[in-house]
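Undergrad: For reference, the file start.txt (compact mmCIF, C-alpha atoms and all ligand atoms) is included below:
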# COMPACT_ATOMS: atom_id res chain seq x y z
CA MET A 1 -20.78 15.96 -5.24
CA ARG A 2 -22.09 12.44 -4.66
CA ARG A 3 -23.57 11.20 -1.41
CA ASN A 4 -24.85 7.62 -1.16
CA LYS A 5 -25.69 5.17 1.60
CA SER A 6 -24.53 1.66 0.84
CA PHE A 7 -27.49 -0.24 2.21
CA ASP A 8 -30.60 1.90 1.88
CA GLY A 9 -31.58 0.08 -1.31
CA LYS A 10 -31.94 3.32 -3.26
CA SER A 11 -29.00 2.75 -5.61
CA PRO A 12 -27.66 -0.37 -7.29
CA LEU A 13 -24.65 -1.80 -5.47
CA LEU A 14 -21.38 -3.44 -6.43
CA TYR A 15 -19.46 -5.37 -3.78
CA LEU A 16 -15.67 -5.57 -3.75
CA ILE A 17 -14.43 -8.51 -1.74
CA ALA A 18 -10.97 -8.67 -0.15
CA VAL A 19 -9.83 -12.29 -0.13
CA PRO A 20 -7.04 -14.10 1.77
CA ILE A 21 -3.38 -13.49 0.83
CA GLY A 22 -2.45 -17.05 1.74
CA ASN A 23 -4.20 -18.27 4.83
CA LEU A 24 -7.72 -19.38 3.92
CA LYS A 25 -8.90 -18.86 7.49
CA GLU A 26 -8.81 -15.16 6.67
CA MET A 27 -11.86 -15.51 4.43
CA THR A 28 -14.40 -13.69 6.56
CA PRO A 29 -17.92 -14.93 7.35
CA ARG A 30 -19.22 -11.66 5.94
CA ALA A 31 -17.41 -12.17 2.62
CA LEU A 32 -18.80 -15.71 2.38
CA GLU A 33 -22.31 -14.49 3.15
CA VAL A 34 -22.20 -11.77 0.50
CA ILE A 35 -20.70 -14.10 -2.10
CA SER A 36 -23.36 -16.71 -1.38
CA GLU A 37 -26.09 -14.12 -1.95
CA CYS A 38 -24.60 -12.89 -5.24
CA ASP A 39 -26.02 -13.84 -8.64
CA LEU A 40 -22.67 -13.37 -10.32
CA ILE A 41 -19.02 -13.09 -9.32
CA ALA A 42 -16.45 -11.29 -11.45
CA SER A 43 -12.80 -11.96 -10.85
CA GLU A 44 -9.25 -11.47 -12.03
CA ASP A 45 -8.74 -15.19 -12.65
CA THR A 46 -11.90 -17.25 -12.91
CA ARG A 47 -10.08 -20.55 -12.29
CA ASN A 48 -8.44 -19.35 -9.09
CA THR A 49 -11.69 -17.84 -7.86
CA LYS A 50 -13.69 -20.99 -8.57
CA ALA A 51 -11.04 -23.02 -6.74
CA LEU A 52 -11.19 -20.64 -3.75
CA LEU A 53 -14.98 -20.69 -3.61
CA SER A 54 -15.12 -24.46 -3.90
CA LYS A 55 -13.04 -24.67 -0.69
CA PHE A 56 -16.03 -23.05 0.99
CA ASN A 57 -18.54 -25.19 -0.91
CA ILE A 58 -19.77 -22.23 -2.91
CA ARG A 59 -20.58 -22.68 -6.59
CA LYS A 60 -21.26 -19.54 -8.59
CA ASP A 61 -21.03 -18.25 -12.12
CA VAL A 62 -17.70 -16.47 -12.37
CA VAL A 63 -16.80 -14.09 -15.20
CA SER A 64 -13.43 -12.60 -16.00
CA LEU A 65 -12.45 -8.98 -15.33
CA ARG A 66 -8.71 -8.47 -15.57
CA GLU A 67 -6.28 -5.79 -16.65
CA HIS A 68 -6.58 -6.59 -20.36
CA ASN A 69 -10.38 -6.49 -20.58
CA GLU A 70 -11.18 -4.23 -17.63
CA VAL A 71 -13.04 -1.47 -19.52
CA LYS A 72 -15.27 -3.74 -21.59
CA ALA A 73 -15.87 -6.24 -18.77
CA SER A 74 -16.67 -3.39 -16.37
CA MET A 75 -19.34 -2.00 -18.70
CA ASP A 76 -20.87 -5.49 -19.10
CA LEU A 77 -21.01 -5.91 -15.32
CA ILE A 78 -22.52 -2.47 -14.85
CA GLU A 79 -25.36 -3.36 -17.21
CA LYS A 80 -25.95 -6.54 -15.21
CA ILE A 81 -26.00 -4.66 -11.90
CA LYS A 82 -28.41 -2.09 -13.35
CA SER A 83 -30.68 -4.91 -14.51
CA GLY A 84 -30.97 -6.02 -10.88
CA LEU A 85 -28.30 -8.70 -10.49
CA LYS A 86 -26.29 -8.83 -7.27
CA VAL A 87 -22.62 -8.76 -8.28
CA ALA A 88 -19.28 -8.93 -6.44
CA TYR A 89 -15.74 -8.49 -7.71
CA MET A 90 -12.61 -10.07 -6.26
CA SER A 91 -9.00 -10.37 -7.34
CA ASP A 92 -6.63 -13.30 -6.69
CA ALA A 93 -5.37 -12.03 -3.35
CA GLY A 94 -6.11 -9.20 -0.96
CA TYR A 95 -8.02 -6.13 -2.02
CA PRO A 96 -9.13 -5.41 -5.58
CA GLY A 97 -7.48 -2.23 -6.85
CA ILE A 98 -4.38 -2.62 -4.67
CA SER A 99 -1.77 -3.57 -7.33
CA ASP A 100 -4.63 -5.54 -8.85
CA PRO A 101 -7.46 -4.81 -11.29
CA GLY A 102 -10.62 -3.21 -9.96
CA LYS A 103 -10.10 0.56 -10.00
CA ILE A 104 -11.53 1.07 -13.50
CA LEU A 105 -14.57 -1.00 -12.53
CA VAL A 106 -15.10 1.19 -9.45
CA GLN A 107 -14.77 4.40 -11.45
CA LYS A 108 -17.14 3.21 -14.19
CA ALA A 109 -19.62 1.98 -11.57
CA LYS A 110 -19.64 5.39 -9.88
CA GLU A 111 -20.07 7.18 -13.22
CA ASN A 112 -23.17 5.02 -13.66
CA GLY A 113 -24.73 5.75 -10.27
CA ILE A 114 -23.73 2.45 -8.68
CA VAL A 115 -22.67 2.44 -5.05
CA VAL A 116 -19.47 0.49 -4.29
CA SER A 117 -19.06 -1.22 -0.94
CA THR A 118 -15.92 -3.13 0.08
CA ILE A 119 -16.01 -6.19 2.30
CA SER A 120 -12.87 -6.02 4.46
CA GLY A 121 -10.22 -8.70 4.46
CA SER A 122 -6.49 -9.24 4.10
CA CYS A 123 -4.01 -6.88 2.48
CA ALA A 124 -0.33 -7.82 2.15
CA PHE A 125 1.19 -4.40 2.73
CA ILE A 126 -0.87 -3.70 5.86
CA ASN A 127 0.40 -6.91 7.48
CA ALA A 128 3.98 -6.16 6.40
CA LEU A 129 3.90 -2.56 7.59
CA THR A 130 2.27 -3.22 10.93
CA SER A 131 4.67 -6.07 11.74
CA SER A 132 7.79 -4.20 10.69
CA PHE A 133 10.05 -2.15 12.94
CA LEU A 134 9.56 0.94 10.76
CA PRO A 135 7.04 3.71 11.53
CA SER A 136 3.51 3.02 10.36
CA ASN A 137 1.91 6.39 11.13
CA ARG A 138 2.96 7.88 7.80
CA PHE A 139 3.67 5.70 4.81
CA TYR A 140 3.78 5.77 1.03
CA PHE A 141 2.58 2.70 -0.85
CA HIS A 142 4.24 2.34 -4.26
CA GLY A 143 3.27 -1.19 -5.27
CA PHE A 144 5.51 -2.73 -7.95
CA LEU A 145 8.51 -0.82 -9.27
CA ASN A 146 8.91 -0.76 -13.04
CA PRO A 147 10.64 -4.01 -14.12
CA VAL A 148 13.02 -2.03 -16.37
CA GLU A 149 15.93 -1.04 -14.12
CA ASN A 150 16.39 2.51 -15.42
CA LYS A 151 12.70 3.22 -15.04
CA ALA A 152 12.70 1.77 -11.52
CA LYS A 153 15.67 4.02 -10.69
CA GLN A 154 13.77 7.05 -11.95
CA GLU A 155 10.72 6.13 -9.87
CA LEU A 156 12.97 5.85 -6.81
CA GLU A 157 14.71 9.16 -7.55
CA ASP A 158 11.27 10.75 -7.51
CA LEU A 159 10.49 9.46 -4.03
CA LYS A 160 13.97 9.60 -2.52
CA ASP A 161 13.23 12.68 -0.40
CA ARG A 162 9.98 11.39 1.08
CA LYS A 163 10.07 11.13 4.86
CA GLU A 164 7.34 8.49 5.13
CA THR A 165 8.03 4.74 5.30
CA LEU A 166 8.09 3.40 1.71
CA ILE A 167 6.31 0.20 0.69
CA PHE A 168 6.94 -1.94 -2.40
CA TYR A 169 5.50 -5.16 -3.74
CA GLU A 170 7.84 -7.58 -5.46
CA SER A 171 7.92 -11.04 -6.93
CA PRO A 172 10.55 -13.62 -5.91
CA HIS A 173 12.27 -13.69 -9.29
CA ARG A 174 13.16 -9.99 -9.13
CA ILE A 175 13.66 -9.45 -5.40
CA ASP A 176 17.49 -9.48 -5.49
CA LYS A 177 17.63 -6.91 -8.31
CA THR A 178 15.05 -4.75 -6.58
CA ILE A 179 16.93 -4.73 -3.27
CA MET A 180 20.09 -3.73 -5.15
CA VAL A 181 18.31 -0.89 -6.96
CA LEU A 182 16.75 0.29 -3.69
CA TYR A 183 20.21 0.31 -2.09
CA LYS A 184 21.86 2.11 -5.02
CA VAL A 185 19.27 4.89 -5.23
CA LEU A 186 18.04 5.31 -1.65
CA GLY A 187 21.30 4.54 0.15
CA ASN A 188 21.80 2.33 3.17
CA ARG A 189 18.44 2.61 4.92
CA GLU A 190 16.69 0.32 7.37
CA ALA A 191 14.39 -2.13 5.57
CA THR A 192 12.23 -5.20 6.03
CA ILE A 193 11.40 -8.01 3.65
CA ALA A 194 8.08 -9.53 4.75
CA ARG A 195 7.73 -12.92 3.11
CA GLU A 196 4.87 -15.42 2.79
CA LEU A 197 2.57 -13.41 5.04
CA THR A 198 -0.14 -15.34 6.89
CA LYS A 199 1.32 -18.64 5.62
CA ILE A 200 3.26 -21.29 7.49
CA ASN A 201 6.60 -19.90 6.21
CA GLU A 202 5.86 -16.29 7.15
CA GLU A 203 9.17 -14.52 7.75
CA PHE A 204 10.43 -10.98 8.43
CA ILE A 205 13.98 -10.16 7.40
CA GLU A 206 15.02 -6.86 8.93
CA GLY A 207 18.30 -5.03 8.43
CA THR A 208 19.92 -2.36 6.33
CA LEU A 209 19.49 -2.43 2.57
CA GLU A 210 23.20 -3.19 2.26
CA GLU A 211 22.78 -6.24 4.53
CA LEU A 212 19.76 -7.38 2.54
CA THR A 213 21.77 -7.32 -0.72
CA HIS A 214 23.83 -10.23 0.72
CA LEU A 215 20.86 -12.55 1.25
CA ASP A 216 21.00 -15.90 -0.48
CA LYS A 217 18.48 -15.63 -3.35
CA GLU A 218 17.58 -19.30 -2.91
CA THR A 219 16.06 -18.48 0.47
CA LEU A 220 13.92 -15.67 -0.93
CA ILE A 221 11.02 -17.68 -2.23
CA GLY A 222 7.31 -16.96 -2.16
CA GLU A 223 5.57 -13.63 -2.07
CA MET A 224 7.21 -10.54 -0.64
CA VAL A 225 6.62 -7.01 0.51
CA VAL A 226 9.59 -4.68 0.96
CA ILE A 227 9.36 -1.89 3.51
CA VAL A 228 12.04 0.81 3.50
CA SER A 229 12.67 3.66 5.90
CA GLY A 230 11.77 7.14 4.68
CA ASN A 231 14.47 9.77 4.19
CA LYS A 232 15.96 10.57 7.60
CA GLU A 233 18.62 12.99 6.37
CA GLU A 234 18.13 16.31 7.97
CA ASN A 235 18.23 19.56 6.10
CA LYS A 236 21.68 20.76 7.18
CA GLU A 237 21.71 23.64 4.74
CA ILE A 238 19.26 25.71 6.76
CA ASP A 239 21.04 28.56 8.47
CA GLU A 240 20.77 29.04 12.25
CA SER A 241 19.44 32.57 11.78
CA ILE A 242 16.41 31.22 9.85
CA ILE A 243 15.65 28.70 12.61
CA LEU A 244 16.00 31.37 15.30
CA ASN A 245 13.79 33.76 13.37
CA GLU A 246 11.04 31.13 12.99
CA LEU A 247 11.28 30.29 16.69
CA ASN A 248 11.12 33.94 17.74
CA ILE A 249 8.03 34.63 15.64
CA LEU A 250 6.17 31.69 17.20
CA ILE A 251 7.29 32.31 20.77
CA GLU A 252 6.48 36.03 20.52
CA SER A 253 3.03 35.11 19.20
CA GLY A 254 2.44 33.29 22.49
CA MET A 255 3.29 29.70 21.58
CA SER A 256 5.11 27.64 24.21
CA LYS A 257 8.79 26.94 23.57
CA LYS A 258 8.06 23.21 23.38
CA ASP A 259 5.37 23.64 20.71
CA ALA A 260 7.48 26.15 18.78
CA ILE A 261 10.38 23.65 18.65
CA LYS A 262 8.07 20.97 17.27
CA GLU A 263 6.49 23.32 14.74
CA VAL A 264 9.81 24.67 13.44
CA SER A 265 11.39 21.24 13.25
CA ASN A 266 8.43 19.98 11.17
CA LYS A 267 8.24 23.06 8.99
CA LEU A 268 11.95 23.24 8.14
CA LYS A 269 12.42 19.44 8.18
CA ILE A 270 15.30 19.57 10.65
CA ALA A 271 16.06 17.45 13.70
CA LYS A 272 14.21 18.49 16.84
CA ASN A 273 17.37 18.46 18.98
CA ARG A 274 19.02 21.04 16.70
CA VAL A 275 16.02 23.36 17.10
CA TYR A 276 15.92 22.57 20.85
CA ASP A 277 19.55 23.65 21.34
CA LEU A 278 18.92 26.91 19.50
CA ALA A 279 15.67 27.53 21.38
CA ASN A 280 17.56 27.24 24.66
CA SER A 281 19.91 29.96 23.53
CA ILE A 282 16.98 32.41 23.30
CA LYS A 283 16.77 34.51 26.44
N1 LIG B 1 -4.26 -7.06 -3.92
C1 LIG B 1 -3.18 -7.57 -3.10
C2 LIG B 1 -3.22 -6.87 -1.73
O1 LIG B 1 -4.23 -6.28 -1.36
O2 LIG B 1 -2.23 -6.95 -1.00
C3 LIG B 1 -1.85 -7.46 -3.80
C4 LIG B 1 -1.80 -8.21 -5.10
S1 LIG B 1 -0.30 -8.01 -5.97
C5 LIG B 1 -0.71 -8.61 -7.56
C6 LIG B 1 0.68 -9.35 -5.41
C7 LIG B 1 1.84 -8.87 -4.56
O3 LIG B 1 1.38 -8.65 -3.24
C8 LIG B 1 2.94 -9.92 -4.42
O4 LIG B 1 3.87 -9.85 -5.50
C9 LIG B 1 3.57 -9.51 -3.12
O5 LIG B 1 4.42 -8.40 -3.28
C10 LIG B 1 2.34 -9.08 -2.32
N2 LIG B 1 1.78 -10.23 -1.58
C11 LIG B 1 0.62 -10.86 -1.82
N3 LIG B 1 0.44 -11.87 -0.93
C12 LIG B 1 1.51 -11.85 -0.12
C13 LIG B 1 1.94 -12.65 0.99
N4 LIG B 1 1.21 -13.65 1.43
N5 LIG B 1 3.12 -12.34 1.57
C14 LIG B 1 3.88 -11.32 1.14
N6 LIG B 1 3.54 -10.56 0.09
C15 LIG B 1 2.37 -10.81 -0.54
Can I see the file as structure tokens?

TA:
Amino acid sequence: MRRNKSFDGKSPLLYLIAVPIGNLKEMTPRALEVISECDLIASEDTRNTKALLSKFNIRKDVVSLREHNEVKASMDLIEKIKSGLKVAYMSDAGYPGISDPGKILVQKAKENGIVVSTISGSCAFINALTSSFLPSNRFYFHGFLNPVENKAKQELEDLKDRKETLIFYESPHRIDKTIMVLYKVLGNREATIARELTKINEEFIEGTLEELTHLDKETLIGEMVVIVSGNKEENKEIDESIILNELNILIESGMSKKDAIKEVSNKLKIAKNRVYDLANSIK
């Protein structure tokens, strides 16, 4: 077990900084303050990070930590943090570690007794999910599907039965193929393409996956998140006698009919109105 306070000064600290996903006004005052106080910034793309910081008149040494050098660069940073330097890591957009490098750094830091504290900011899938029509209380974030179609299909087969809203990241040059694969494997579900979030061309395209396959590819430019409804098919194979038995056990144990209906519908993954009709047949 590990238990650490971020700001009691007892352990060395690594900051992770979430940066804007498009709109620079989403760079928070707290992020700017922490960056300004750092001795060294590590980032996914040093050029992009220097350009971002220069927009806020911040000049810092920036070193590279990206997918291809993450282990070695993480160990170098850890030594620097242990030697007393104040260090922050940021990726090109949004949160480090969310379809971006950063997770290995965090794990190595923790193995070395370094506390990791994240400075909040923008995250593409949170904006897409909260703005979409689809439920946001339970969701599954997948990130990018495998670019090889058969592998993407396999990934989708594995999550086809999930009830939660599904979230994917995609790039504009593959969006049409991805929508088609989603449609072929998951069927005709409700979906949203959230495009160019926080930017002037922000757009939400909502419809069924079949409708989305007809979109003109030329209009699908910029960055995109795809949100797809979870599996809404009910489990029709469950026999009435099993439902009634489950209901009886709960009601006889003292549970109200209303709560028993909810419990059984969740447990057996069947529509509440089917359980409700059966519950009303119990004398
Ligand atoms: N770390 C980022 C985060 O926290 O959201 C995600 C980085 S990932 C490499 C880039 C993908 O995020 C894009 O291909 C797109 O799917 C999504 N994305 C990033 N910025 C976006 C934006 N402004 N609008 C829509 N999607 C965006």

Undergrad: Pick out the closest residue to Met75 in chain A from this set: A:Met90, A:Lys110, A:Thr118, A:Lys60. Count all atoms listed in the file.

TA: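 Smallest separation from Met75 in chain A among the options: A:Lys110.
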
Undergrad: With a distance cut-off of 9 Å and all atoms listed in the file, select the neighbouring residues of Ile35 in chain A, excluding the residue or stretch itself and same-chain residues fewer than 3 positions from it, and output the selection as a PyMOL selection string.

TA: chain A and resi 15+17+30-32+38-41+53+58+60+87-88

Undergrad: Keeping only C-alpha atoms, write the selected residues to a file as a CSV table (one decimal), in the coordinates of the input.

TA:
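Contents of the output file selection-v3.csv:
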chain,number,residue,atom,x,y,z
A,15,TYR,CA,-19.5,-5.4,-3.8
A,17,ILE,CA,-14.4,-8.5,-1.7
A,30,ARG,CA,-19.2,-11.7,5.9
A,31,ALA,CA,-17.4,-12.2,2.6
A,32,LEU,CA,-18.8,-15.7,2.4
A,38,CYS,CA,-24.6,-12.9,-5.2
A,39,ASP,CA,-26.0,-13.8,-8.6
A,40,LEU,CA,-22.7,-13.4,-10.3
A,41,ILE,CA,-19.0,-13.1,-9.3
A,53,LEU,CA,-15.0,-20.7,-3.6
A,58,ILE,CA,-19.8,-22.2,-2.9
A,60,LYS,CA,-21.3,-19.5,-8.6
A,87,VAL,CA,-22.6,-8.8,-8.3
A,88,ALA,CA,-19.3,-8.9,-6.4

Undergrad: For CA of Val115 in chain A and CA of Asp61 in chain A, quote the distance in Å rounded to one decimal.

TA: 21.9 Å

Undergrad: Give me, as a list of chain:residue names, the set of residues whose atoms come within 6 Å of any atom of ligand LIG 1 (chain B), counting all atoms listed in the file.

TA: A:Ile21, A:Gly22, A:Ala93, A:Gly94, A:Tyr95, A:Pro96, A:Ile98, A:Ser99, A:Asp100, A:Cys123, A:Ala124, A:Phe125, A:Tyr169, A:Glu170, A:Ser171, A:Ala194, A:Arg195, A:Glu196, A:Leu197, A:Thr198, A:Glu223, A:Met224, A:Val225

Undergrad: Could you tell me how far CA of Leu166 in chain A sits from CA of Ser132 in chain A, in Å to one decimal place?

TA: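 Calculated distance between CA of Ser132 in chain A and CA of Leu166 in chain A is 11.8 Å.
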
Undergrad: Between A:Lys72, A:Lys160, A:Lys258, A:Arg59, which one has atoms that come closest to Val275 in chain A, using all atoms listed in the file?

TA: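 Answer, going by the shortest atom-to-atom distance: A:Lys258.
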
Undergrad: Can you list, as a PyMOL selection string, every protein, DNA or RNA residue that comes within 12 Å of Glu111 in chain A when you count all atoms listed in the file, leaving out same-chain residues fewer than 5 positions away?

TA: chain A and resi 1-2+74-75+78+104-106+116

Undergrad: So that I can see what lies close to Glu210 in chain A, please list as JSON, numbers by chain the residues with an atom at most 8 Å from it, counting all atoms listed in the file and leaving out residues fewer than 5 positions away in the same chain.

TA: {"A": [183, 188, 189]}

Undergrad: Given the choices A:Lys257, A:His214, A:Lys269, A:Arg162, which gets closest to Gly230 in chain A if the distance is worked out from only C-alpha atoms?

TA: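 Result for the nearest residue to Gly230 in chain A: A:Arg162.
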
Undergrad: Which one is closest to Pro20 in chain A: A:Lys199, A:Pro172, A:Glu233, A:Lys80? Count all atoms listed in the file.

TA: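 Result for the nearest residue to Pro20 in chain A: A:Lys199.
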
Undergrad: At most 7 Å from (0.1, -0.5, 0.1), file frame, only C-alpha atoms: which residues, as a tab-separated table (two decimals) with C-alpha atoms, in the coordinates of the input?

TA:
chain	number	residue	atom	x	y	z
A	98	ILE	CA	-4.38	-2.62	-4.67
A	125	PHE	CA	1.19	-4.40	2.73
A	126	ILE	CA	-0.87	-3.70	5.86
A	141	PHE	CA	2.58	2.70	-0.85
A	142	HIS	CA	4.24	2.34	-4.26
A	143	GLY	CA	3.27	-1.19	-5.27
A	167	ILE	CA	6.31	0.20	0.69

Undergrad: So what do you get for CA of Asn146 in chain A versus CA of Ala128 in chain A, distance-wise?

TA: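 That distance, rounded to one decimal, is 20.8 Å.
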
Undergrad: Excluding Asn48 in chain A and its own-chain neighbours fewer than 3 positions away, which residues fall within 12 Å of it when counting only C-alpha atoms? Please give them as an MDAnalysis selection string.

TA: chainID A and resid 19 42:45 51:55 62:64 90:93

Undergrad: Skip Glu79 in chain A itself and residues of its chain fewer than 5 positions away, then list as a ChimeraX atom specification all residues within 10 Å of it, counting all atoms listed in the file.

TA: /A:74,84-85,109,112

Undergrad: Nearest to Thr130 in chain A among A:Ser241, A:Glu33, A:Lys272, A:Ile227, with distances taken over only C-alpha atoms: which residue is it?

TA: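 Checking each of A:Ser241, A:Glu33, A:Lys272, A:Ile227 against Thr130 in chain A, counting only C-alpha atoms, the winner is A:Ile227.
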
Undergrad: Ranking A:Ile249, A:Ile175, A:Leu16, A:Ile119 by minimum distance to Ile282 in chain A and counting all atoms listed in the file, which one comes first?

TA: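 Smallest separation from Ile282 in chain A among the options: A:Ile249.
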
Undergrad: Could you pull out every residue with an atom within 10 Å of (-32.6, -2.8, -10.3), file coordinates, counting all atoms listed in the file, and send them as a list in words?

TA: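 Answer for this query, in the requested form: Gly9, Lys10, Ser11, Pro12, Leu13, Lys80, Ile81, Lys82, Ser83, Gly84, Leu85 and Lys86 of chain A.
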